[in-house]
Structures are given as structure tokens and as C-alpha cells.
>>> print(open('query_16.cif').read())   # mmCIF, C-alpha atoms
data_my_file
loop_
_atom_site.group_PDB
_atom_site.id
_atom_site.type_symbol
_atom_site.label_atom_id
_atom_site.label_comp_id
_atom_site.auth_asym_id
_atom_site.auth_seq_id
_atom_site.Cartn_x
_atom_site.Cartn_y
_atom_site.Cartn_z
ATOM 1 C CA MET F 72 30.434 23.491 -24.369
ATOM 2 C CA ASN F 73 29.617 27.183 -24.180
ATOM 3 C CA THR F 74 26.538 26.519 -26.277
ATOM 4 C CA VAL F 75 25.300 23.944 -23.783
ATOM 5 C CA TYR F 76 25.793 26.323 -20.870
ATOM 6 C CA ALA F 77 23.944 29.043 -22.748
ATOM 7 C CA LEU F 78 20.992 26.743 -23.471
ATOM 8 C CA LEU F 79 20.849 25.560 -19.883
ATOM 9 C CA THR F 80 20.971 29.153 -18.631
ATOM 10 C CA LEU F 81 18.186 30.238 -20.979
ATOM 11 C CA GLY F 82 16.091 27.234 -20.019
ATOM 12 C CA LEU F 83 16.579 27.964 -16.320
ATOM 13 C CA LEU F 84 15.705 31.622 -16.754
ATOM 14 C CA GLY F 85 12.632 30.690 -18.803
ATOM 15 C CA GLY F 86 11.478 28.328 -16.082
ATOM 16 C CA ILE F 87 12.010 30.939 -13.362
ATOM 17 C CA PHE F 88 10.169 33.655 -15.303
ATOM 18 C CA GLY F 89 7.340 31.253 -16.130
ATOM 19 C CA LEU F 90 6.985 30.371 -12.463
ATOM 20 C CA VAL F 91 6.956 34.069 -11.510
ATOM 21 C CA LEU F 92 4.290 34.826 -14.113
ATOM 22 C CA ALA F 93 2.166 31.900 -12.970
ATOM 23 C CA LEU F 94 2.356 33.063 -9.359
ATOM 24 C CA ALA F 95 1.630 36.667 -10.379
ATOM 25 C CA SER F 96 -1.454 35.608 -12.365
ATOM 26 C CA ARG F 97 -2.818 33.962 -9.251
ATOM 27 C CA VAL F 98 -1.912 36.758 -6.845
ATOM 28 C CA PHE F 99 -3.130 39.600 -9.044
ATOM 29 C CA ALA F 100 -6.037 37.774 -10.686
ATOM 30 C CA VAL F 101 -9.189 39.867 -10.946
ATOM 31 C CA LYS F 102 -12.012 37.798 -9.593
ATOM 32 C CA THR F 103 -15.195 38.059 -11.626
ATOM 33 C CA ASP F 104 -18.636 37.249 -10.394
ATOM 34 C CA PRO F 105 -19.840 34.143 -12.276
ATOM 35 C CA ARG F 106 -23.257 35.782 -12.515
ATOM 36 C CA LEU F 107 -21.814 38.291 -14.994
ATOM 37 C CA GLU F 108 -21.484 35.656 -17.718
ATOM 38 C CA LEU F 109 -24.945 34.312 -16.945
ATOM 39 C CA ILE F 110 -26.451 37.781 -17.370
ATOM 40 C CA LEU F 111 -24.477 38.358 -20.566
ATOM 41 C CA ASP F 112 -25.845 35.110 -21.982
ATOM 42 C CA CYS F 113 -29.373 36.478 -21.490
ATOM 43 C CA LEU F 114 -28.664 39.735 -23.332
ATOM 44 C CA PRO F 115 -29.056 39.880 -27.136
ATOM 45 C CA GLY F 116 -25.455 40.886 -27.849
ATOM 46 C CA ALA F 117 -26.450 43.591 -30.330
ATOM 47 C CA ASN F 118 -24.696 46.340 -28.337
ATOM 48 C CA CYS F 119 -27.395 48.739 -29.516
ATOM 49 C CA GLY F 120 -27.045 51.125 -26.572
ATOM 50 C CA GLY F 121 -30.785 51.288 -25.976
ATOM 51 C CA CYS F 122 -30.230 50.605 -22.274
ATOM 52 C CA GLY F 123 -28.057 53.700 -21.912
ATOM 53 C CA TYR F 124 -24.895 51.718 -21.157
ATOM 54 C CA PRO F 125 -21.880 51.056 -23.397
ATOM 55 C CA GLY F 126 -22.987 47.797 -24.952
ATOM 56 C CA CYS F 127 -24.302 44.584 -23.459
ATOM 57 C CA ALA F 128 -21.224 44.111 -21.275
ATOM 58 C CA GLY F 129 -21.791 47.527 -19.701
ATOM 59 C CA CYS F 130 -25.462 46.747 -19.160
ATOM 60 C CA ALA F 131 -24.630 43.379 -17.549
ATOM 61 C CA ALA F 132 -22.101 45.006 -15.244
ATOM 62 C CA ALA F 133 -24.620 47.675 -14.217
ATOM 63 C CA ILE F 134 -27.294 45.049 -13.488
ATOM 64 C CA LEU F 135 -24.816 43.019 -11.444
ATOM 65 C CA ALA F 136 -23.813 46.130 -9.483
ATOM 66 C CA LYS F 137 -27.515 46.898 -8.943
ATOM 67 C CA GLU F 138 -27.038 50.221 -10.702
ATOM 68 C CA ALA F 139 -29.575 49.182 -13.334
ATOM 69 C CA PRO F 140 -32.799 47.174 -13.040
ATOM 70 C CA VAL F 141 -32.929 43.606 -14.306
ATOM 71 C CA ASN F 142 -35.156 44.789 -17.154
ATOM 72 C CA ALA F 143 -32.727 47.526 -18.229
ATOM 73 C CA CYS F 144 -32.321 46.006 -21.687
ATOM 74 C CA PRO F 145 -35.262 47.093 -23.877
ATOM 75 C CA SER F 146 -34.389 44.424 -26.422
ATOM 76 C CA CYS F 147 -34.791 41.479 -24.042
ATOM 77 C CA SER F 148 -37.889 39.346 -24.225
ATOM 78 C CA GLY F 149 -39.939 38.612 -21.123
ATOM 79 C CA LEU F 150 -38.259 35.202 -20.840
ATOM 80 C CA GLN F 151 -34.763 36.691 -21.007
ATOM 81 C CA THR F 152 -35.632 39.303 -18.399
ATOM 82 C CA SER F 153 -37.058 36.593 -16.141
ATOM 83 C CA ARG F 154 -33.815 34.641 -16.453
ATOM 84 C CA ILE F 155 -31.789 37.711 -15.486
ATOM 85 C CA ALA F 156 -34.104 38.262 -12.508
ATOM 86 C CA ALA F 157 -33.549 34.647 -11.453
ATOM 87 C CA VAL F 158 -29.779 35.094 -11.643
ATOM 88 C CA MET F 159 -30.031 38.201 -9.465
ATOM 89 C CA GLY F 160 -32.495 36.562 -7.086
ATOM 90 C CA VAL F 161 -35.178 39.188 -7.508
ATOM 91 C CA GLU F 162 -38.663 39.376 -8.962
ATOM 92 C CA VAL F 163 -39.444 41.430 -12.016
ATOM 93 C CA LYS F 164 -42.772 43.054 -12.699
ATOM 94 C CA ALA F 165 -44.314 42.536 -16.117
ATOM 95 C CA GLN F 166 -43.834 45.561 -18.338
ATOM 96 C CA GLU F 167 -45.990 46.722 -21.183
ATOM 97 C CA ARG F 168 -44.173 46.144 -24.433
ATOM 98 C CA ARG F 169 -43.520 49.305 -26.399
ATOM 99 C CA VAL F 170 -42.348 49.789 -29.969
ATOM 100 C CA ALA F 171 -41.107 52.617 -32.143
ATOM 101 C CA PHE F 172 -43.640 54.505 -34.264
ATOM 102 C CA VAL F 173 -43.074 56.950 -37.131
ATOM 103 C CA ARG F 174 -45.348 59.974 -36.897
ATOM 104 C CA CYS F 175 -45.549 60.527 -40.624
ATOM 105 C CA SER F 176 -47.292 58.967 -43.611
ATOM 106 C CA GLY F 177 -46.648 61.644 -46.225
ATOM 107 C CA GLY F 178 -43.724 60.706 -48.433
ATOM 108 C CA ASP F 179 -44.842 60.875 -52.059
ATOM 109 C CA ARG F 180 -48.124 62.429 -50.870
ATOM 110 C CA ALA F 181 -46.300 65.442 -49.451
ATOM 111 C CA SER F 182 -45.422 68.456 -51.583
ATOM 112 C CA ARG F 183 -41.744 68.917 -52.380
ATOM 113 C CA LYS F 184 -39.496 71.895 -52.892
ATOM 114 C CA PHE F 185 -38.084 70.300 -56.026
ATOM 115 C CA GLU F 186 -38.827 67.205 -58.058
ATOM 116 C CA ARG F 187 -35.630 65.248 -57.544
ATOM 117 C CA TYR F 188 -33.026 65.061 -54.820
ATOM 118 C CA VAL F 189 -29.495 64.257 -55.977
ATOM 119 C CA GLY F 190 -27.133 63.746 -53.087
ATOM 120 C CA ILE F 191 -26.099 61.487 -50.244
ATOM 121 C CA GLU F 192 -28.844 59.073 -49.250
ATOM 122 C CA ASP F 193 -28.965 60.306 -45.689
ATOM 123 C CA CYS F 194 -31.595 62.350 -43.858
ATOM 124 C CA VAL F 195 -29.023 64.579 -42.155
ATOM 125 C CA ALA F 196 -27.489 65.393 -45.546
ATOM 126 C CA ALA F 197 -30.940 66.006 -47.053
ATOM 127 C CA MET F 198 -31.738 68.340 -44.145
ATOM 128 C CA LYS F 199 -28.935 70.622 -45.302
ATOM 129 C CA VAL F 200 -30.556 71.033 -48.695
ATOM 130 C CA SER F 201 -32.675 74.137 -49.119
ATOM 131 C CA GLY F 202 -32.431 75.005 -45.439
ATOM 132 C CA ASN F 203 -34.787 72.391 -44.021
ATOM 133 C CA GLY F 204 -34.811 69.408 -46.309
ATOM 134 C CA THR F 205 -36.498 68.398 -49.518
ATOM 135 C CA LEU F 206 -40.128 68.603 -48.309
ATOM 136 C CA ASP F 207 -42.357 71.624 -47.847
ATOM 137 C CA CYS F 208 -43.445 70.003 -44.575
ATOM 138 C CA ALA F 209 -40.833 70.797 -41.944
ATOM 139 C CA PHE F 210 -42.046 67.880 -39.814
ATOM 140 C CA GLY F 211 -42.190 65.050 -42.356
ATOM 141 C CA CYS F 212 -40.050 61.961 -42.799
ATOM 142 C CA LEU F 213 -37.376 62.530 -45.442
ATOM 143 C CA GLY F 214 -37.179 58.834 -46.259
ATOM 144 C CA ARG F 215 -33.414 58.661 -46.787
ATOM 145 C CA GLY F 216 -32.896 55.698 -44.494
ATOM 146 C CA THR F 217 -30.814 57.101 -41.638
ATOM 147 C CA CYS F 218 -33.098 55.320 -39.170
ATOM 148 C CA VAL F 219 -32.929 52.100 -41.199
ATOM 149 C CA ARG F 220 -29.152 52.034 -40.918
ATOM 150 C CA ALA F 221 -29.315 52.807 -37.202
ATOM 151 C CA CYS F 222 -31.581 49.812 -36.459
ATOM 152 C CA ARG F 223 -29.654 46.639 -35.632
ATOM 153 C CA PHE F 224 -32.742 44.458 -35.660
ATOM 154 C CA ASP F 225 -33.957 45.036 -39.244
ATOM 155 C CA ALA F 226 -37.180 46.445 -37.789
ATOM 156 C CA ILE F 227 -37.584 49.629 -39.804
ATOM 157 C CA HIS F 228 -37.692 50.139 -43.565
ATOM 158 C CA ILE F 229 -38.724 52.741 -46.108
ATOM 159 C CA ASN F 230 -42.173 51.837 -47.456
ATOM 160 C CA ALA F 231 -43.651 52.280 -50.920
ATOM 161 C CA HIS F 232 -44.569 55.914 -50.180
ATOM 162 C CA GLY F 233 -40.996 56.785 -49.218
ATOM 163 C CA VAL F 234 -41.653 56.941 -45.467
ATOM 164 C CA ALA F 235 -39.973 54.984 -42.685
ATOM 165 C CA GLU F 236 -42.269 52.303 -41.262
ATOM 166 C CA VAL F 237 -41.670 50.068 -38.243
ATOM 167 C CA ASP F 238 -42.176 46.312 -38.216
ATOM 168 C CA GLN F 239 -43.647 46.077 -34.731
ATOM 169 C CA ASP F 240 -42.979 42.358 -34.413
ATOM 170 C CA LYS F 241 -39.243 42.890 -34.942
ATOM 171 C CA CYS F 242 -38.935 46.132 -32.979
ATOM 172 C CA THR F 243 -37.142 45.790 -29.644
ATOM 173 C CA HIS F 244 -37.734 49.384 -28.474
ATOM 174 C CA CYS F 245 -34.023 50.219 -28.412
ATOM 175 C CA MET F 246 -35.067 53.559 -30.010
ATOM 176 C CA GLN F 247 -31.816 53.994 -31.899
ATOM 177 C CA CYS F 248 -33.947 54.957 -34.906
ATOM 178 C CA ALA F 249 -35.450 57.852 -32.929
ATOM 179 C CA ARG F 250 -32.019 59.048 -31.858
ATOM 180 C CA ALA F 251 -30.791 58.953 -35.443
ATOM 181 C CA CYS F 252 -33.783 60.795 -36.956
ATOM 182 C CA PRO F 253 -32.931 64.493 -37.516
ATOM 183 C CA ARG F 254 -36.636 65.340 -37.895
ATOM 184 C CA HIS F 255 -37.535 63.758 -34.527
ATOM 185 C CA VAL F 256 -40.660 62.159 -36.010
ATOM 186 C CA ILE F 257 -40.082 58.761 -34.396
ATOM 187 C CA THR F 258 -41.647 58.197 -31.007
ATOM 188 C CA ASP F 259 -42.890 55.095 -29.197
ATOM 189 C CA VAL F 260 -46.301 53.588 -28.539
ATOM 190 C CA PRO F 261 -47.579 50.500 -26.707
ATOM 191 C CA TYR F 262 -47.263 47.381 -28.876
ATOM 192 C CA ALA F 263 -50.946 46.531 -28.397
ATOM 193 C CA VAL F 264 -52.375 49.829 -29.712
ATOM 194 C CA ASP F 265 -54.932 49.869 -32.505
ATOM 195 C CA ILE F 266 -55.342 53.561 -33.272
ATOM 196 C CA VAL F 267 -52.468 55.799 -34.374
ATOM 197 C CA VAL F 268 -52.008 59.334 -35.674
ATOM 198 C CA PRO F 269 -49.161 59.150 -38.214
ATOM 199 C CA CYS F 270 -48.500 62.878 -38.465
ATOM 200 C CA ALA F 271 -46.327 65.405 -36.637
ATOM 201 C CA ASN F 272 -47.094 68.538 -38.687
ATOM 202 C CA GLN F 273 -47.577 71.456 -36.278
ATOM 203 C CA GLU F 274 -48.543 74.008 -38.907
ATOM 204 C CA LYS F 275 -52.025 75.506 -38.907
ATOM 205 C CA GLY F 276 -54.691 73.823 -41.012
ATOM 206 C CA ALA F 277 -54.288 75.656 -44.322
ATOM 207 C CA VAL F 278 -50.512 75.336 -44.357
ATOM 208 C CA ALA F 279 -50.561 71.695 -43.224
ATOM 209 C CA LYS F 280 -53.117 70.875 -45.922
ATOM 210 C CA ALA F 281 -50.931 72.483 -48.573
ATOM 211 C CA ASP F 282 -47.874 70.624 -47.302
ATOM 212 C CA CYS F 283 -49.365 67.136 -47.441
ATOM 213 C CA SER F 284 -52.554 65.452 -48.630
ATOM 214 C CA VAL F 285 -52.704 63.216 -45.530
ATOM 215 C CA SER F 286 -51.649 65.684 -42.843
ATOM 216 C CA CYS F 287 -53.519 66.527 -39.658
ATOM 217 C CA ILE F 288 -55.145 69.965 -39.931
ATOM 218 C CA GLY F 289 -56.016 70.362 -36.253
ATOM 219 C CA CYS F 290 -59.768 70.522 -36.883
ATOM 220 C CA ARG F 291 -60.503 68.944 -33.463
ATOM 221 C CA LEU F 292 -63.328 66.747 -34.770
ATOM 222 C CA CYS F 293 -61.562 63.728 -33.275
ATOM 223 C CA GLU F 294 -61.128 65.519 -29.959
ATOM 224 C CA ARG F 295 -64.748 66.615 -29.738
ATOM 225 C CA ASN F 296 -66.111 63.171 -30.604
ATOM 226 C CA CYS F 297 -63.855 60.949 -28.502
ATOM 227 C CA PRO F 298 -66.072 59.482 -25.736
ATOM 228 C CA THR F 299 -63.173 58.983 -23.313
ATOM 229 C CA GLY F 300 -61.214 62.180 -23.930
ATOM 230 C CA ALA F 301 -58.246 60.120 -25.125
ATOM 231 C CA ILE F 302 -57.416 62.233 -28.171
ATOM 232 C CA THR F 303 -56.525 65.897 -28.023
ATOM 233 C CA VAL F 304 -55.090 68.443 -30.421
ATOM 234 C CA ARG F 305 -51.917 70.119 -29.256
ATOM 235 C CA ASP F 306 -49.718 72.339 -31.391
ATOM 236 C CA ASN F 307 -52.206 71.841 -34.245
ATOM 237 C CA VAL F 308 -51.789 68.049 -34.374
ATOM 238 C CA ALA F 309 -53.816 65.266 -32.757
ATOM 239 C CA SER F 310 -52.215 62.997 -30.161
ATOM 240 C CA ILE F 311 -53.578 60.007 -28.256
ATOM 241 C CA ASP F 312 -53.384 59.260 -24.544
ATOM 242 C CA TYR F 313 -53.302 55.467 -24.663
ATOM 243 C CA SER F 314 -54.110 55.167 -20.974
ATOM 244 C CA LYS F 315 -57.579 56.472 -21.877
ATOM 245 C CA CYS F 316 -58.022 55.043 -25.380
ATOM 246 C CA THR F 317 -60.483 52.142 -25.708
ATOM 247 C CA SER F 318 -59.887 51.625 -29.447
ATOM 248 C CA CYS F 319 -63.532 52.436 -30.154
ATOM 249 C CA GLY F 320 -62.555 53.889 -33.539
ATOM 250 C CA VAL F 321 -64.800 56.965 -33.374
ATOM 251 C CA CYS F 322 -61.859 59.241 -34.144
ATOM 252 C CA VAL F 323 -61.037 57.129 -37.208
ATOM 253 C CA THR F 324 -64.509 57.635 -38.640
ATOM 254 C CA LYS F 325 -64.672 61.342 -37.777
ATOM 255 C CA CYS F 326 -61.297 62.399 -39.191
ATOM 256 C CA PRO F 327 -62.045 64.286 -42.445
ATOM 257 C CA ARG F 328 -58.500 63.689 -43.676
ATOM 258 C CA LYS F 329 -58.728 59.918 -43.117
ATOM 259 C CA LEU F 330 -55.407 60.274 -41.324
ATOM 260 C CA ILE F 331 -56.177 58.551 -38.029
ATOM 261 C CA THR F 332 -55.653 54.863 -38.674
ATOM 262 C CA ASP F 333 -56.794 51.599 -37.142
ATOM 263 C CA ILE F 334 -53.716 49.391 -37.637
ATOM 264 C CA HIS F 335 -55.585 46.152 -36.971
ATOM 265 C CA ALA F 336 -58.255 47.022 -39.483
ATOM 266 C CA THR F 337 -55.833 47.918 -42.279
ATOM 267 C CA GLY F 338 -52.913 45.687 -41.379
ATOM 268 C CA LYS F 339 -50.472 48.595 -41.534
ATOM 269 C CA VAL F 340 -50.201 52.348 -41.193
ATOM 270 C CA GLU F 341 -51.830 53.394 -44.442
ATOM 271 C CA PRO F 342 -54.062 56.487 -44.333
ATOM 272 C CA VAL F 343 -56.620 56.673 -47.128
ATOM 273 C CA VAL F 344 -56.102 59.742 -49.284
ATOM 274 C CA PRO F 345 -59.324 61.757 -49.043
ATOM 275 C CA ALA F 346 -61.195 62.666 -52.197
ATOM 276 C CA VAL F 347 -60.453 66.188 -53.341
#
>>> encode(input="query_16.cif", output="C-alpha cells")
Amino acid sequence: MNTVYALLTLGLLGGIFGLVLALASRVFAVKTDPRLELILDCLPGANCGGCGYPGCAGCAAAILAKEAPVNACPSCSGLQTSRIAAVMGVEVKAQERRVAFVRCSGGDRASRKFERYVGIEDCVAAMKVSGNGTLDCAFGCLGRGTCVRACRFDAIHINAHGVAEVDQDKCTHCMQCARACPRHVITDVPYAVDIVVPCANQEKGAVAKADCSVSCIGCRLCERNCPTGAITVRDNVASIDYSKCTSCGVCVTKCPRKLITDIHATGKVEPVVPAV
């Protein structure tokens, strides 16, 4: 008999506590805006951090709170951004697509402090070797794949010359590769560009030439011959103002190092090694 009373008591208490919990879940329920899930569905879910927020959920919450623009996610396509704008009831202006770009093409064409590196396959680790890395060039890509591991979209790989190279069609402009690069040789360019300068060596001509067979030597021939003033030499290395560049290709033909490259003409960033 005591067992029956005990079971009844436990059953009654369970029912009471269940009822209390059910009421509490309703009273203290946190109401979420249904638009949050709709925005999250438009985001890629990679949690790359390129937007500056802690993952896609943080980005969605910021967009919903109007603390971030509807195009805050650099990895979203134009269609996805348009869908987010529709959810928020706003219009979004078309943005120029940008992609990461590695300002180096040296690799096995750059002189090295020693023949072989034996150590952790990581650029930060390689930077600790011999003070400033394994290359004589203090501005070159070390090619140890730190940026490759940082990219969540499989958009950057080490090419045949041992230099990081971006697949522009896969790149989402999250720029995690640039943040991971200890040499800071990764920047961004408009997706539609033709002409690039894959070098960041700021040494003067003689030193830069000794460091790498495809380095910029700051000769200013490109600068003097550019008809629109789009290319200038700063800190001994050429750089392009794409708001002025017309892709005429004059700089490509004038560069004595054959460094300045027309991507569309070659199909990839591949400077031609000049004849010695």
C-alpha cells in the first residue's frame, strides 16, 4: 500500500512540476524576430569572420538590429544580399566585387638564405628562422600555407613556384588569408581587373634585383608611360590605382622585368622571367 501512495505522490509532483515548467516557458520565453532565421538562411554559414562579427549568427543579429548593413557579409553573392535586403525591407546598392590578391610571384625564383627549410609547415614558424624567414626578400611569400589553412572556401593554394595564389572565382573576399599572412603580402583588388603588380618588395633596385629575378626594381618606366597616371611607384614598388586604370597594357609592355602582368592575357599571375 505504501508503494502505491509513493507512486501516486511522485506522479502528482511530476505533474505539478511539469505544469509549472510549461507555464514558466511561456512566461519567460524569449521572443525572436522571425526575420533572424530568414537572414541566417541567406548567409553562407562558414563563420569566417570576414564581416567583423562573431560568425554568421552574430552578423545576422547585427543586420537585424540595423547595426550592420544588409551587405555586411563579404561572402554573400548578389542574390543572397538582395534576399537579405528584401527581408529587411530596404534597397541595396550594387557593389563592385573584390577578391584577395597575393603581391608576390617569387617563390623558387627568389634567392634563399639556405637551400632547404626543415621545420613546421607554417609561415609564422618559418618567419622565426634566421630572423626574418627563409628568403632574402623580406617582403616575399614564404609559401608555407598559413593562408591556405585560413581560407574556408578553398580559394587559395600554393602554386608550382611555391607562392600562394588566389582562385578569384572561389574567393569571397572574407580576407582571412590576409589576416593570417605574417608577411602582409595579401591585399585585395577588384574582381574585374586585368593588370596586376605581383610584388611587394620595397628595397631599392639593386637589392630587389638580387633578392628575386621577378621583383619590381622601382625603375618608374611604367609610371612614366602610363597614359592615365594609374600606376605609380611608391616605396620602390609599383602600385595601380584601379579607378584610373583602363587596362591599356602599356605598363605591361614597358616593364623591363616582365613583372606587371595581364591576367586575362596569360590566364593567371605568371610573370615571364626576363632574359639575363
>>> closest_residue(input="query_16.cif", among="F:Arg106, F:Arg180, F:His244, F:His232", to="Cys144 of chain F", atoms="only C-alpha atoms")
F:His244
>>> resolve_selection(input="query_16.cif", expression="the PyMOL selection byres ((chain F and resi 227) around 8)", output="VMD selection string")
chain F and resid 218 to 219 222 225 to 226 228 to 229 235 to 238 242
>>> closest_residue(input="query_16.cif", among="F:Glu192, F:Glu167, F:Glu274, F:Asp179", to="Arg220 of chain F", atoms="all atoms listed in the file")
F:Glu192
>>> atom_distance(input="query_16.cif", atom1="atom CA of Ala133 of chain F", atom2="atom CA of Gln151 of chain F")
16.4 Å
>>> closest_residue(input="query_16.cif", among="F:Thr258, F:Pro145, F:Glu186, F:Ile302", to="Gly120 of chain F", atoms="all atoms listed in the file")
F:Pro145
>>> atom_distance(input="query_16.cif", atom1="atom CA of Cys319 of chain F", atom2="atom CA of Arg305 of chain F")
21.2 Å
